[in-house]
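Below you'll find the structure, written out as structure tokens, and then a few comments.
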Amino acid sequence: MDKILLIDLGGTYIRFVVLSTESNEIDSVNKKKLQSTEDFETVLKEVLAENKNQINNLVLSIAGPKLYGSIEMTNRTLSIDAENLKQKFNLQNCLILNDWEAIAHSYQSLNNNNFVNLVNLETNFYNNNLLFFGPGTGLGVSLLINSKYSQSTEIGNISLGVNELIGDELFSSGQFSKIEDTISGPGISKIYELKKNQKTSSEDIFKLAENGEDIAIEIIEDLINRIAILLSQLTLTYLPGKGIFLAGSMMRSLIKFIDKKKFKKQYLANIESPQLEILKATQINVVTKENLALYGCLNYFNSIQKDLN
């Protein structure tokens, strides 16, 4: 049986699943922590051996920008080259995607039960483009053009507008130089440390907010406001007529803290007509489905095979 190995390679964990090439559902995802850069090829060798060389196809989602058929990871010293892996492991196909490029390709695996609407559910689509957005270790943003062609971006690494997003007081600390410093897990950890002189993970900040700690609640509410402000700018930049989809575990954690009316008010603030009408016609949804990058890898592989046949 011909099999496909799908891998989501992040800064901390590797998630993977082996499927038959006829399968369209992903179950029983494996998750391992990567202790070193050598761990990646060790895991890959083990999975190939366990499947007795029946895996001929490999698709990877990797956290880093893609350039000339390779991806250098953002949060670890590891570079992945598709052709090198293909030759080294004697694969028929080896495809690599930026992680948010993969997430955009997950769209065809979503249905109405996989998201929570925040803004403008009843609007009609004004084109077939979608924007995917999500804070995590960094900030991911990608565009799905005409519901088919995925384009990742490096929005999180630009510096334009950082002062306006974070405010003068925090900006003066010198710790917020790019957008993902203000909208990410490490970003809210930095803010918490500056306010309380205490190092705390973003996961623990969410727990503190759930337990009613004022500073944690304030930090999360400010994060939600920054997301709404940035989304208004990205809406005018990319014109995602089929909607904005907020994805990732951090966005799923934020759902319970979002006041939809306040979020929409902030999203629409400071934008005047006729551009305001674009925002009013754009849906914003939070995706609740997990393993989007793996679904995106599978969908991308299937689309490539379809084009070849």
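To be explicit about the labels: the chains of the structure tokens are called A, B, and onward in the order shown, and within each one the residues are counted from 1, while ligands get numbers from 1 in the order they are shown.
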Using DSSP secondary structure from the backbone, list all helix (DSSP H, G or I) positions within region 82-264 of chain A, as number ranges by chain. A: 82-88, 99-109, 112-114, 155-157, 162-166, 168-171, 179-182, 185-196, 202-210, 214-238, 249-257, 260-264
Neighbouring residues of region 122-129 of chain A were defined as those with any atom within 8 Å, considering only C-alpha atoms; residues of the same chain fewer than 4 positions away were excluded. Please report them as a compact mmCIF listing (two decimals) with C-alpha atoms, in the first residue's frame.
# COMPACT_ATOMS: atom_id res chain seq x y z
CA LEU A 143 -3.71 34.46 1.90
CA LEU A 144 -5.70 31.89 -0.06
CA ILE A 145 -6.28 33.40 -3.49
CA ASN A 146 -9.39 32.40 -5.43
CA SER A 147 -9.95 29.68 -2.79
CA LEU A 239 -9.38 42.44 0.55
CA PRO A 240 -10.33 38.95 1.81
CA GLY A 241 -13.83 38.88 0.35
CA LYS A 242 -14.54 35.33 1.49
CA GLY A 243 -13.55 36.07 5.07
CA LYS A 280 -18.55 45.77 7.04
CA ALA A 281 -18.69 43.22 4.21
CA THR A 282 -15.88 41.01 5.59
CA GLN A 283 -16.56 38.04 7.85
Measuring between only C-alpha atoms, which one of A:Met73, A:Ile166, A:Ala49, A:Leu139 shows the shortest distance to Gly10 (chain A)?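 Result for the nearest residue to Gly10 (chain A): A:Met73.
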If you count only C-alpha atoms, which residues fall within 9 Å of region 289-294 of chain A, apart from same-chain ones fewer than 4 positions away, as a short mmCIF file (atom, residue, chain, number, x, y, z; two decimals) with N, CA and C atoms, in the first residue's frame?
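Heads up, here's the output in result_8.cif:
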data_model
loop_
_atom_site.label_atom_id
_atom_site.label_comp_id
_atom_site.auth_asym_id
_atom_site.auth_seq_id
_atom_site.Cartn_x
_atom_site.Cartn_y
_atom_site.Cartn_z
N LEU A 6 2.65 12.99 6.62
CA LEU A 6 2.43 14.42 6.78
C LEU A 6 3.11 14.86 8.07
N ILE A 7 3.88 15.93 8.00
CA ILE A 7 4.62 16.42 9.15
C ILE A 7 4.38 17.91 9.34
N ASP A 8 4.09 18.30 10.59
CA ASP A 8 4.01 19.71 10.98
C ASP A 8 5.19 19.95 11.92
N ARG A 15 4.67 17.22 14.84
CA ARG A 15 3.42 16.45 14.79
C ARG A 15 3.38 15.74 13.45
N PHE A 16 2.95 14.49 13.46
CA PHE A 16 2.97 13.76 12.20
C PHE A 16 1.91 12.66 12.19
N VAL A 17 1.53 12.28 10.98
CA VAL A 17 0.55 11.22 10.80
C VAL A 17 0.86 10.51 9.48
N ILE A 26 -7.83 12.76 9.09
CA ILE A 26 -6.63 12.68 9.91
C ILE A 26 -7.02 12.33 11.34
N VAL A 29 -2.95 11.73 15.63
CA VAL A 29 -1.75 12.48 15.31
C VAL A 29 -0.69 12.23 16.39
N VAL A 59 5.07 15.22 2.92
CA VAL A 59 4.69 16.64 2.83
C VAL A 59 4.92 17.26 4.20
N LEU A 60 5.67 18.35 4.23
CA LEU A 60 6.02 19.00 5.49
C LEU A 60 5.51 20.42 5.56
N SER A 61 4.94 20.77 6.69
CA SER A 61 4.64 22.15 7.06
C SER A 61 5.71 22.59 8.03
N ASP A 99 4.41 26.99 7.27
CA ASP A 99 3.31 26.51 8.11
C ASP A 99 1.99 27.23 7.84
N TRP A 100 2.05 28.54 7.57
CA TRP A 100 0.80 29.25 7.31
C TRP A 100 0.33 29.12 5.88
N GLU A 101 1.24 28.80 4.99
CA GLU A 101 0.85 28.40 3.64
C GLU A 101 0.03 27.12 3.72
N ALA A 102 0.48 26.17 4.57
CA ALA A 102 -0.25 24.92 4.77
C ALA A 102 -1.61 25.17 5.41
N ILE A 103 -1.65 26.03 6.41
CA ILE A 103 -2.91 26.32 7.10
C ILE A 103 -3.94 26.89 6.13
N ALA A 104 -3.51 27.74 5.22
CA ALA A 104 -4.44 28.27 4.22
C ALA A 104 -5.02 27.15 3.36
N HIS A 105 -4.20 26.16 3.03
CA HIS A 105 -4.68 25.03 2.21
C HIS A 105 -5.65 24.13 2.97
N SER A 106 -5.78 24.31 4.28
CA SER A 106 -6.72 23.50 5.06
C SER A 106 -8.17 23.92 4.82
N TYR A 107 -8.38 25.02 4.14
CA TYR A 107 -9.73 25.59 4.02
C TYR A 107 -10.76 24.59 3.50
N SER A 109 -11.04 21.61 3.99
CA SER A 109 -11.40 20.62 5.01
C SER A 109 -12.29 21.19 6.11
N LEU A 110 -12.62 22.47 6.01
CA LEU A 110 -13.45 23.12 7.03
C LEU A 110 -14.91 23.12 6.63
N ASN A 113 -19.31 23.87 11.09
CA ASN A 113 -19.18 23.43 12.48
C ASN A 113 -17.77 23.62 13.01
N ASN A 114 -16.85 24.09 12.16
CA ASN A 114 -15.45 24.20 12.55
C ASN A 114 -15.02 25.62 12.89
N PHE A 115 -15.96 26.55 12.98
CA PHE A 115 -15.56 27.91 13.36
C PHE A 115 -16.66 28.63 14.15
N ALA A 247 -6.81 31.30 13.38
CA ALA A 247 -6.51 29.89 13.62
C ALA A 247 -5.41 29.72 14.66
N GLY A 248 -5.33 28.49 15.19
CA GLY A 248 -4.28 28.14 16.13
C GLY A 248 -4.80 28.01 17.56
N SER A 249 -4.00 27.36 18.40
CA SER A 249 -4.43 27.09 19.78
C SER A 249 -4.62 28.36 20.59
N LEU A 298 -2.13 17.65 3.41
CA LEU A 298 -2.86 16.61 2.68
C LEU A 298 -3.59 17.20 1.48
N ASN A 299 -4.28 18.32 1.67
CA ASN A 299 -5.01 18.95 0.58
C ASN A 299 -4.07 19.40 -0.54
#
Show me, as a PDB file with N, CA and C atoms, in the first residue's frame, the residues that have an atom within 12 Å of region 154-164 of chain A when counting only C-alpha atoms, minus same-chain residues fewer than 5 positions from it.
ATOM      1  N   ALA A  63       7.790  25.851  10.128  1.00  0.00           N
ATOM      2  CA  ALA A  63       7.713  27.225  10.629  1.00  0.00           C
ATOM      3  C   ALA A  63       8.937  28.016  10.180  1.00  0.00           C
ATOM      4  N   GLY A  64       8.819  28.654   9.026  1.00  0.00           N
ATOM      5  CA  GLY A  64       9.897  29.474   8.488  1.00  0.00           C
ATOM      6  C   GLY A  64       9.582  29.872   7.060  1.00  0.00           C
ATOM      7  N   PRO A  65      10.222  30.908   6.544  1.00  0.00           N
ATOM      8  CA  PRO A  65       9.962  31.355   5.171  1.00  0.00           C
ATOM      9  C   PRO A  65      10.551  30.391   4.136  1.00  0.00           C
ATOM     10  N   LYS A  66       9.812  30.164   3.060  1.00  0.00           N
ATOM     11  CA  LYS A  66      10.254  29.258   1.997  1.00  0.00           C
ATOM     12  C   LYS A  66      10.943  30.047   0.898  1.00  0.00           C
ATOM     13  N   THR A  74      12.434  29.418  11.733  1.00  0.00           N
ATOM     14  CA  THR A  74      12.523  30.687  12.433  1.00  0.00           C
ATOM     15  C   THR A  74      13.056  30.520  13.848  1.00  0.00           C
ATOM     16  N   ASN A  98       5.538  26.450   3.917  1.00  0.00           N
ATOM     17  CA  ASN A  98       5.535  27.284   5.112  1.00  0.00           C
ATOM     18  C   ASN A  98       4.308  26.918   5.946  1.00  0.00           C
ATOM     19  N   ASP A  99       4.410  26.987   7.268  1.00  0.00           N
ATOM     20  CA  ASP A  99       3.310  26.508   8.113  1.00  0.00           C
ATOM     21  C   ASP A  99       1.993  27.227   7.839  1.00  0.00           C
ATOM     22  N   TRP A 100       2.054  28.539   7.570  1.00  0.00           N
ATOM     23  CA  TRP A 100       0.798  29.249   7.314  1.00  0.00           C
ATOM     24  C   TRP A 100       0.331  29.118   5.875  1.00  0.00           C
ATOM     25  N   GLU A 101       1.240  28.800   4.992  1.00  0.00           N
ATOM     26  CA  GLU A 101       0.848  28.401   3.639  1.00  0.00           C
ATOM     27  C   GLU A 101       0.030  27.115   3.723  1.00  0.00           C
ATOM     28  N   PHE A 132      -5.871  34.041   6.430  1.00  0.00           N
ATOM     29  CA  PHE A 132      -5.681  33.226   7.632  1.00  0.00           C
ATOM     30  C   PHE A 132      -4.688  33.940   8.542  1.00  0.00           C
ATOM     31  N   PHE A 133      -4.993  33.955   9.835  1.00  0.00           N
ATOM     32  CA  PHE A 133      -4.253  34.792  10.784  1.00  0.00           C
ATOM     33  C   PHE A 133      -4.194  34.074  12.123  1.00  0.00           C
ATOM     34  N   GLY A 134      -3.035  34.093  12.775  1.00  0.00           N
ATOM     35  CA  GLY A 134      -2.982  33.471  14.087  1.00  0.00           C
ATOM     36  C   GLY A 134      -1.711  33.757  14.864  1.00  0.00           C
ATOM     37  N   PRO A 135      -1.844  34.256  16.097  1.00  0.00           N
ATOM     38  CA  PRO A 135      -0.684  34.401  16.970  1.00  0.00           C
ATOM     39  C   PRO A 135      -0.342  33.083  17.650  1.00  0.00           C
ATOM     40  N   GLY A 136       0.928  32.905  17.906  1.00  0.00           N
ATOM     41  CA  GLY A 136       1.400  31.714  18.622  1.00  0.00           C
ATOM     42  C   GLY A 136       2.787  32.033  19.127  1.00  0.00           C
ATOM     43  N   THR A 137       3.788  31.206  18.774  1.00  0.00           N
ATOM     44  CA  THR A 137       5.174  31.542  19.091  1.00  0.00           C
ATOM     45  C   THR A 137       5.571  32.815  18.361  1.00  0.00           C
ATOM     46  N   GLY A 138       5.026  32.982  17.165  1.00  0.00           N
ATOM     47  CA  GLY A 138       5.163  34.215  16.400  1.00  0.00           C
ATOM     48  C   GLY A 138       3.783  34.639  15.943  1.00  0.00           C
ATOM     49  N   LEU A 139       3.714  35.268  14.781  1.00  0.00           N
ATOM     50  CA  LEU A 139       2.420  35.651  14.198  1.00  0.00           C
ATOM     51  C   LEU A 139       2.375  35.163  12.758  1.00  0.00           C
ATOM     52  N   GLY A 140       1.393  34.314  12.446  1.00  0.00           N
ATOM     53  CA  GLY A 140       1.256  33.786  11.103  1.00  0.00           C
ATOM     54  C   GLY A 140       0.133  34.456  10.343  1.00  0.00           C
ATOM     55  N   VAL A 141       0.403  34.801   9.087  1.00  0.00           N
ATOM     56  CA  VAL A 141      -0.605  35.401   8.209  1.00  0.00           C
ATOM     57  C   VAL A 141      -0.405  34.839   6.806  1.00  0.00           C
ATOM     58  N   SER A 142      -1.474  34.345   6.206  1.00  0.00           N
ATOM     59  CA  SER A 142      -1.386  33.850   4.833  1.00  0.00           C
ATOM     60  C   SER A 142      -2.674  34.165   4.088  1.00  0.00           C
ATOM     61  N   LEU A 143      -2.580  34.142   2.776  1.00  0.00           N
ATOM     62  CA  LEU A 143      -3.706  34.457   1.900  1.00  0.00           C
ATOM     63  C   LEU A 143      -4.002  33.264   1.009  1.00  0.00           C
ATOM     64  N   GLU A 169       4.332  53.747  26.150  1.00  0.00           N
ATOM     65  CA  GLU A 169       4.959  53.291  27.388  1.00  0.00           C
ATOM     66  C   GLU A 169       5.684  51.963  27.199  1.00  0.00           C
ATOM     67  N   LEU A 170       5.003  50.968  26.616  1.00  0.00           N
ATOM     68  CA  LEU A 170       5.633  49.672  26.392  1.00  0.00           C
ATOM     69  C   LEU A 170       6.675  49.746  25.279  1.00  0.00           C
ATOM     70  N   PHE A 171       6.408  50.557  24.255  1.00  0.00           N
ATOM     71  CA  PHE A 171       7.351  50.672  23.137  1.00  0.00           C
ATOM     72  C   PHE A 171       8.692  51.221  23.612  1.00  0.00           C
ATOM     73  N   SER A 172       8.653  52.109  24.593  1.00  0.00           N
ATOM     74  CA  SER A 172       9.885  52.719  25.106  1.00  0.00           C
ATOM     75  C   SER A 172      10.779  51.717  25.827  1.00  0.00           C
ATOM     76  N   SER A 173      10.246  50.527  26.156  1.00  0.00           N
ATOM     77  CA  SER A 173      11.063  49.501  26.809  1.00  0.00           C
ATOM     78  C   SER A 173      12.096  48.916  25.859  1.00  0.00           C
ATOM     79  N   GLY A 174      11.898  49.098  24.538  1.00  0.00           N
ATOM     80  CA  GLY A 174      12.817  48.579  23.546  1.00  0.00           C
ATOM     81  C   GLY A 174      12.656  47.105  23.257  1.00  0.00           C
ATOM     82  N   GLN A 175      11.603  46.477  23.786  1.00  0.00           N
ATOM     83  CA  GLN A 175      11.403  45.039  23.610  1.00  0.00           C
ATOM     84  C   GLN A 175      10.358  44.699  22.547  1.00  0.00           C
ATOM     85  N   PHE A 176       9.841  45.732  21.868  1.00  0.00           N
ATOM     86  CA  PHE A 176       8.795  45.499  20.876  1.00  0.00           C
ATOM     87  C   PHE A 176       9.207  46.180  19.573  1.00  0.00           C
ATOM     88  N   SER A 177       9.902  45.412  18.721  1.00  0.00           N
ATOM     89  CA  SER A 177      10.456  45.997  17.505  1.00  0.00           C
ATOM     90  C   SER A 177       9.723  45.570  16.242  1.00  0.00           C
ATOM     91  N   LYS A 178       8.927  44.490  16.319  1.00  0.00           N
ATOM     92  CA  LYS A 178       8.158  44.047  15.165  1.00  0.00           C
ATOM     93  C   LYS A 178       6.768  43.629  15.613  1.00  0.00           C
ATOM     94  N   ILE A 179       5.875  43.472  14.647  1.00  0.00           N
ATOM     95  CA  ILE A 179       4.464  43.260  14.973  1.00  0.00           C
ATOM     96  C   ILE A 179       4.254  42.019  15.824  1.00  0.00           C
ATOM     97  N   GLU A 180       4.967  40.915  15.534  1.00  0.00           N
ATOM     98  CA  GLU A 180       4.728  39.698  16.304  1.00  0.00           C
ATOM     99  C   GLU A 180       5.209  39.828  17.753  1.00  0.00           C
ATOM    100  N   ASP A 181       6.029  40.843  18.053  1.00  0.00           N
ATOM    101  CA  ASP A 181       6.377  41.113  19.455  1.00  0.00           C
ATOM    102  C   ASP A 181       5.166  41.603  20.243  1.00  0.00           C
ATOM    103  N   THR A 182       4.181  42.150  19.543  1.00  0.00           N
ATOM    104  CA  THR A 182       3.001  42.709  20.209  1.00  0.00           C
ATOM    105  C   THR A 182       1.801  41.772  20.165  1.00  0.00           C
ATOM    106  N   ILE A 183       1.799  40.837  19.207  1.00  0.00           N
ATOM    107  CA  ILE A 183       0.673  39.906  19.044  1.00  0.00           C
ATOM    108  C   ILE A 183       1.232  38.498  18.933  1.00  0.00           C
ATOM    109  N   SER A 184       1.478  37.878  20.078  1.00  0.00           N
ATOM    110  CA  SER A 184       2.025  36.519  20.134  1.00  0.00           C
ATOM    111  C   SER A 184       2.062  36.071  21.586  1.00  0.00           C
ATOM    112  N   GLY A 187       4.946  37.686  23.245  1.00  0.00           N
ATOM    113  CA  GLY A 187       4.628  39.102  23.395  1.00  0.00           C
ATOM    114  C   GLY A 187       3.881  39.398  24.684  1.00  0.00           C
ATOM    115  N   ASN A 225      -7.738  43.727  21.446  1.00  0.00           N
ATOM    116  CA  ASN A 225      -7.886  45.016  20.765  1.00  0.00           C
ATOM    117  C   ASN A 225      -6.837  45.177  19.668  1.00  0.00           C
ATOM    118  N   ARG A 226      -5.604  44.772  19.953  1.00  0.00           N
ATOM    119  CA  ARG A 226      -4.545  44.884  18.936  1.00  0.00           C
ATOM    120  C   ARG A 226      -4.849  43.992  17.739  1.00  0.00           C
ATOM    121  N   ILE A 227      -5.369  42.798  17.995  1.00  0.00           N
ATOM    122  CA  ILE A 227      -5.739  41.904  16.895  1.00  0.00           C
ATOM    123  C   ILE A 227      -6.800  42.558  16.018  1.00  0.00           C
ATOM    124  N   ILE A 229      -7.453  45.750  15.609  1.00  0.00           N
ATOM    125  CA  ILE A 229      -6.863  46.881  14.887  1.00  0.00           C
ATOM    126  C   ILE A 229      -6.043  46.393  13.705  1.00  0.00           C
ATOM    127  N   LEU A 230      -5.190  45.402  13.938  1.00  0.00           N
ATOM    128  CA  LEU A 230      -4.353  44.891  12.853  1.00  0.00           C
ATOM    129  C   LEU A 230      -5.204  44.248  11.761  1.00  0.00           C
ATOM    130  N   LEU A 231      -6.259  43.542  12.136  1.00  0.00           N
ATOM    131  CA  LEU A 231      -7.121  42.909  11.133  1.00  0.00           C
ATOM    132  C   LEU A 231      -7.799  43.946  10.245  1.00  0.00           C
ATOM    133  N   GLN A 233      -6.491  46.712   9.262  1.00  0.00           N
ATOM    134  CA  GLN A 233      -5.474  47.129   8.294  1.00  0.00           C
ATOM    135  C   GLN A 233      -5.217  46.032   7.257  1.00  0.00           C
ATOM    136  N   LEU A 234      -5.194  44.789   7.708  1.00  0.00           N
ATOM    137  CA  LEU A 234      -4.966  43.675   6.779  1.00  0.00           C
ATOM    138  C   LEU A 234      -6.149  43.476   5.845  1.00  0.00           C
ATOM    139  N   THR A 237      -5.609  45.800   3.136  1.00  0.00           N
ATOM    140  CA  THR A 237      -4.416  45.426   2.371  1.00  0.00           C
ATOM    141  C   THR A 237      -4.708  44.283   1.400  1.00  0.00           C
ATOM    142  N   TYR A 238      -5.434  43.253   1.884  1.00  0.00           N
ATOM    143  CA  TYR A 238      -5.594  42.026   1.103  1.00  0.00           C
ATOM    144  C   TYR A 238      -7.004  41.812   0.552  1.00  0.00           C
TER     145      TYR A 238
END
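Ranking A:Leu276, A:Val18, A:Ile80, A:Leu9 by their shortest atom-to-atom distance to Ile62 (chain A), with only C-alpha atoms included, puts A:Leu9 first.
The shortest atom-to-atom distance to Ile278 (chain A), with only C-alpha atoms taken into account, belongs to A:Asn120 out of A:Asn120, A:Ser253, A:Ser201, A:Gln151.
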Using only C-alpha atoms, determine which residues lie at most 7 Å from Asp2 (chain A), disregarding the query and same-chain residues fewer than 5 positions distant; provide the list as a PDB file with C-alpha atoms, in the first residue's frame.
ATOM      1  CA  SER A  20      -2.897   5.889   2.776  1.00  0.00           C
ATOM      2  CA  THR A  21      -2.915   8.094  -0.294  1.00  0.00           C
ATOM      3  CA  GLN A  54       5.777   1.852   2.235  1.00  0.00           C
ATOM      4  CA  ILE A  55       5.957   5.650   2.571  1.00  0.00           C
ATOM      5  CA  ASN A  56       6.793   7.133  -0.812  1.00  0.00           C
TER       6      ASN A  56
END
Ranking A:Asn285, A:Asn57, A:Asn211, A:Ser303 by minimum distance to Leu121 (chain A) and counting only C-alpha atoms, which one comes first?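 Under the stated criterion, the closest residue is A:Asn285.
The residue that comes closest to Tyr13 (chain A), out of A:Val43, A:Leu268, A:Leu34, A:Leu279 and on the basis of only C-alpha atoms, is A:Leu34.
Closest approach to Asn53 (chain A) among A:Gln275, A:Asn90, A:Gln108, A:Thr77: A:Asn90, based on only C-alpha atoms.
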Give me every strand (DSSP E) residue in region 56-180 of chain A, going by DSSP on the backbone, as a PyMOL selection string. chain A and resi 56-62+66-67+70-72+79-81+93-98+115-119+130-135+139-145+149-152
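For the atom pair formed by CA of Pro186 (chain A) and CA of Ser202 (chain A), the distance is 6.8 Å, given to one decimal.
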